[in-house]
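Chemist: Mind looking over this structure? Questions follow.
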Amino acid sequence: MATFVTHSPEETKALARQVTQKKTSGIIALSGELGAGKTTFTQGLAEGLGIKEPIISPTFILIRQYQTPKSGRIFYHVDLYRLEEDLGSIGLGEIIGNKENLVVIEWAEKAKSLLPEDVVKINLDKLEGNLRRITVSGLQS
Ligand code: ADP
Ligand code: MG
């Protein structure tokens, strides 16, 4: 496990860009309170993958997908904050099941039952001001 402290959204994105140098498929599980920086981190992942479209909070759409220009894989951005229906009904199992996909899940703790063992877990903690403590586990060094 590695722990980082970032001082700005830009630094958080830079850390996420580094993650995409090691992880181009599979599952990245993000957890942390509202405003901790999960979507910001996801934006950095998308930058690292060369995605030019803006990454926005999925709000009522729980899953958005983006084509990655570099690898040709599909980048899925999932936000389960507003998940009300049965987890099994949103098609996430199939998306996770395709090992070619890179799937980033905000509020991943709500999808525990679907997560494989080799998930990269990222926890973001809000410290004072713009400080965020970010712990990364499960990333091969
Ligand atoms: P979440 O998706 O976890 O609810 P967001 O990424 O949407 O969080 O929001 C994080 C907010 O905190 C943004 O307004 C961002 O500009 C701000 N922020 C301030 N400092 C940082 C930092 N070090 N890392 C990430 N976001 C930060
Ligand atoms: Mg968010």
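Convention: chains lettered A, B, ... in structure tokens order; per-chain residue numbering from 1; ligands numbered from 1 as shown.
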Compile the contact shell of segment 47-62 of chain A as a VMD selection string: residues with an atom at most 10 Å away, counting only C-alpha atoms, same-chain residues fewer than 5 positions apart removed.
Modeler: chain A and resid 13 to 21 23 to 24 38 to 42 67 to 73 75 77 to 83 90 92 105 to 106
Chemist: For chain A versus ligand 1, which residues have an atom no more than 6 Å away, and what is each residue's nearest atom pair and distance in Å rounded to one decimal, using only C-alpha atoms and all ligand atoms, chain-then-number order, as a Markdown table?
Modeler:
| residue | atom | partner | partner_atom_place_in_ligand_line | distance |
| --- | --- | --- | --- | --- |
| A:Thr6 | CA | ligand 1 | 23 (N) | 4.6 |
| A:His7 | CA | ligand 1 | 23 (N) | 4.3 |
| A:Ser8 | CA | ligand 1 | 23 (N) | 3.6 |
| A:Pro9 | CA | ligand 1 | 24 (N) | 3.8 |
| A:Thr12 | CA | ligand 1 | 24 (N) | 4.8 |
| A:Glu33 | CA | ligand 1 | 3 (O) | 5.9 |
| A:Leu34 | CA | ligand 1 | 4 (O) | 3.7 |
| A:Gly35 | CA | ligand 1 | 8 (O) | 3.5 |
| A:Ala36 | CA | ligand 1 | 3 (O) | 4.0 |
| A:Gly37 | CA | ligand 1 | 6 (O) | 3.2 |
| A:Lys38 | CA | ligand 1 | 3 (O) | 3.7 |
| A:Thr39 | CA | ligand 1 | 2 (O) | 3.7 |
| A:Thr40 | CA | ligand 1 | 6 (O) | 3.7 |
| A:Asn130 | CA | ligand 1 | 20 (N) | 3.5 |
| A:Leu131 | CA | ligand 1 | 23 (N) | 4.8 |
| A:Arg132 | CA | ligand 1 | 23 (N) | 4.8 |
Chemist: Write out as a list in words which residues come within 7 Å of Ile27 of chain A when counting only C-alpha atoms, dropping same-chain ones fewer than 3 positions away.
Modeler: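 My reading of the contact set: Leu102, Val103, Val104, Val119 and Val120 of chain A.
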Chemist: Using only C-alpha atoms, which of A:Gly97, A:Glu109, A:Glu11, A:Lys126 sits nearest Leu30 of chain A?
Modeler: A:Glu109
Chemist: Given the choices A:Leu45, A:Met1, A:Gly32, A:Glu100, which gets closest to ligand 2 if the distance is worked out from only C-alpha atoms and all ligand atoms?
Modeler: A:Gly32
